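Before any comments, here is the structure.
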Amino acid sequence: MRVEQLEYVVAVTRHGSLRRASESVHLSQPALSEAITRLESELGVVLLDRRRSGARISREGLELLPHLEAVLESVARLREAAGDRTQANRVLRLGTVGTATSTLLTPALRDLSAEHPDTRVEVVNTRQDPIDAGLLDGSLDLGLVNVLEGDDPPAGLYDVPLLAGPTVAVLPHDHPLAGRASVDVADLRAEPFVAMREGYLMHRLAVRLFGDTWPRVLTSTDGAELGKAMVADGAGLTVLPAFSVAGDPLERAGVIVQRPVTGLDTTVSLALRMRRTPRIAPHVRHLRDALTTRARAVTGPPG
């Protein structure tokens, strides 16, 4: 049972319909209905009277309403009394696909540490599906994911855009292709290639890039950070978002370089993925603000 589920039932009661309640909590109707269904299953009662004309609070729900409101009032008093002190010893968990670490994440964590020194952050490097699952079940507080145009977050989650840029080839600095202004798909097919494992957006993009004809020598790995390290060590070439390479220590040291890929005009965006909830905990809000502020510093003012 989650506090948000109780809030959803109260919202349906106050607004008189599932549609208006979903608008008030910024959650889709199917996601709101599913959350209440899980609560109904756990409590063993029917809380919503679902009809073709819409869904409203049931008789059993009305009987339980005072108890639900009492719980929410107690939670509100607890949060107010504790304030930020409850977050002092709590570890904030951020899932990331491992991109823009040097460009965005590390500077944002430094900013957060300077502004809120008691906040502890655990960075979990993983694929996008586990990030989405962790956000939905509460085991992760925030996520950093790569998205393509048209990609939508799962129900119950939403994205805050941070960075966007082209896809580039990543090469060792002394590779023969590094002397060119750009490389093409045929160049990449002829070289050993370091691909991201299935489940990463860059794997999807590589499928688009190579079609049925992949490089003969192929290595798969987890995440951009390992990919760049393997390129630096001579395991092959790879493709990544430009913002994942710019400012990376390996690029700053001149170990790896990036080059445009001829004919590949796909833009990749980095988004901060969050759970839809009526309240954002202070420590989550602090890291969100640090990331969005850093993103604006990277991209510059709009216009």
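Ordering of the structure tokens sets the chain letters (A, B, ...); residue numbers start at 1 within each chain; ligands are numbered from 1 in the order shown.
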Considering only strand (DSSP E) as DSSP defines it on the backbone, what residues of range 112-278 of chain A qualify? List them as a ChimeraX atom specification.
/A:120-125,142-147,157-172,193-196,218-221,238-241,256-260,267-275
So that I can see what lies close to range 35-40 of chain A, please list as an NGL selection string the residues with an atom at most 10 Å from it, counting only C-alpha atoms and leaving out residues fewer than 3 positions away in the same chain.
:A and (1-2 or 4-9 or 29-32 or 43-48 or 61 or 156)
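For range 261-267 of chain A, the residues within 7 Å (counting only C-alpha atoms, excluding itself and residues fewer than 3 positions away along the chain) are A:Leu148, A:Ala164, A:Gly165, A:Pro166, A:Thr167, A:Val168, A:Ala169, A:Ser182, A:Val183, A:Asp184.
CA of Thr126 in chain A lies 20.9 Å from CA of Leu218 in chain A.
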Could you please write out, as a ChimeraX atom specification, every residue of range 51-197 of chain A that DSSP assigns to alpha helix (DSSP H)?
/A:59-82,106-115,128-137,185-189
Need to verify the contact set: range 207-210 of chain A, 12 Å, only C-alpha atoms, exclusion of same-chain residues closer than 2 positions in sequence. Can you return it as a ChimeraX atom specification?
/A:167-169,184-190,193,195-205,212-216,238-239,261-266
Show which residues sit within 9 Å of range 107-114 of chain A, as number ranges by chain. Count only C-alpha atoms, and ignore same-chain residues fewer than 3 positions away.
A: 101-104, 117-121, 286-287, 289-295
Distance query Leu142 in chain A at most 8 Å, only C-alpha atoms, self and fewer than 6 positions along chain excluded, as a PDB file with N, CA, C and O atoms, in the first residue's frame:
ATOM      1  N   ARG A  93      18.428   7.534  -4.604  1.00  0.00           N
ATOM      2  CA  ARG A  93      18.897   6.592  -5.613  1.00  0.00           C
ATOM      3  C   ARG A  93      18.508   7.085  -7.003  1.00  0.00           C
ATOM      4  O   ARG A  93      17.332   7.314  -7.283  1.00  0.00           O
ATOM      5  N   LEU A  94      19.513   7.256  -7.843  1.00  0.00           N
ATOM      6  CA  LEU A  94      19.312   7.732  -9.209  1.00  0.00           C
ATOM      7  C   LEU A  94      19.784   6.670 -10.181  1.00  0.00           C
ATOM      8  O   LEU A  94      20.945   6.250 -10.147  1.00  0.00           O
ATOM      9  N   GLY A  95      18.890   6.211 -11.036  1.00  0.00           N
ATOM     10  CA  GLY A  95      19.261   5.257 -12.078  1.00  0.00           C
ATOM     11  C   GLY A  95      19.667   5.986 -13.338  1.00  0.00           C
ATOM     12  O   GLY A  95      19.028   6.964 -13.734  1.00  0.00           O
ATOM     13  N   LEU A 135      11.538   3.244 -10.781  1.00  0.00           N
ATOM     14  CA  LEU A 135      10.791   4.469 -10.498  1.00  0.00           C
ATOM     15  C   LEU A 135       9.352   4.147 -10.107  1.00  0.00           C
ATOM     16  O   LEU A 135       8.787   4.752  -9.185  1.00  0.00           O
ATOM     17  N   LEU A 272      15.345  13.610 -17.757  1.00  0.00           N
ATOM     18  CA  LEU A 272      15.219  13.245 -16.351  1.00  0.00           C
ATOM     19  C   LEU A 272      13.842  12.637 -16.177  1.00  0.00           C
ATOM     20  O   LEU A 272      12.826  13.306 -16.397  1.00  0.00           O
ATOM     21  N   ARG A 273      13.789  11.363 -15.835  1.00  0.00           N
ATOM     22  CA  ARG A 273      12.512  10.656 -15.703  1.00  0.00           C
ATOM     23  C   ARG A 273      12.108  10.601 -14.236  1.00  0.00           C
ATOM     24  O   ARG A 273      12.920  10.255 -13.375  1.00  0.00           O
ATOM     25  N   MET A 274      10.849  10.960 -13.984  1.00  0.00           N
ATOM     26  CA  MET A 274      10.367  11.057 -12.610  1.00  0.00           C
ATOM     27  C   MET A 274       9.012  10.371 -12.473  1.00  0.00           C
ATOM     28  O   MET A 274       8.290  10.180 -13.448  1.00  0.00           O
ATOM     29  N   ARG A 275       8.679  10.025 -11.249  1.00  0.00           N
ATOM     30  CA  ARG A 275       7.383   9.418 -10.938  1.00  0.00           C
ATOM     31  C   ARG A 275       6.345  10.524 -10.723  1.00  0.00           C
ATOM     32  O   ARG A 275       6.625  11.532 -10.068  1.00  0.00           O
ATOM     33  N   VAL A 284      14.665  14.914  -3.509  1.00  0.00           N
ATOM     34  CA  VAL A 284      14.458  14.659  -4.942  1.00  0.00           C
ATOM     35  C   VAL A 284      14.396  15.982  -5.697  1.00  0.00           C
ATOM     36  O   VAL A 284      14.992  16.134  -6.776  1.00  0.00           O
TER      37      VAL A 284
END
Here is a test: counting only C-alpha atoms, which residue of A:Asp248, A:Glu23, A:Asp222, A:Glu69 is nearest to Arg276 in chain A?
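Smallest distance to Arg276 in chain A is found for A:Glu23.
Of the listed residues (A:Leu226, A:Val12, A:Leu237, A:Leu92), A:Leu237 comes nearest to Pro176 in chain A; the distances count only C-alpha atoms.
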Out of A:Val71, A:Leu65, A:Ala100, A:Ile131, which residue has the shortest atom-to-atom distance to Ala224 in chain A when counting only C-alpha atoms?
A:Ala100
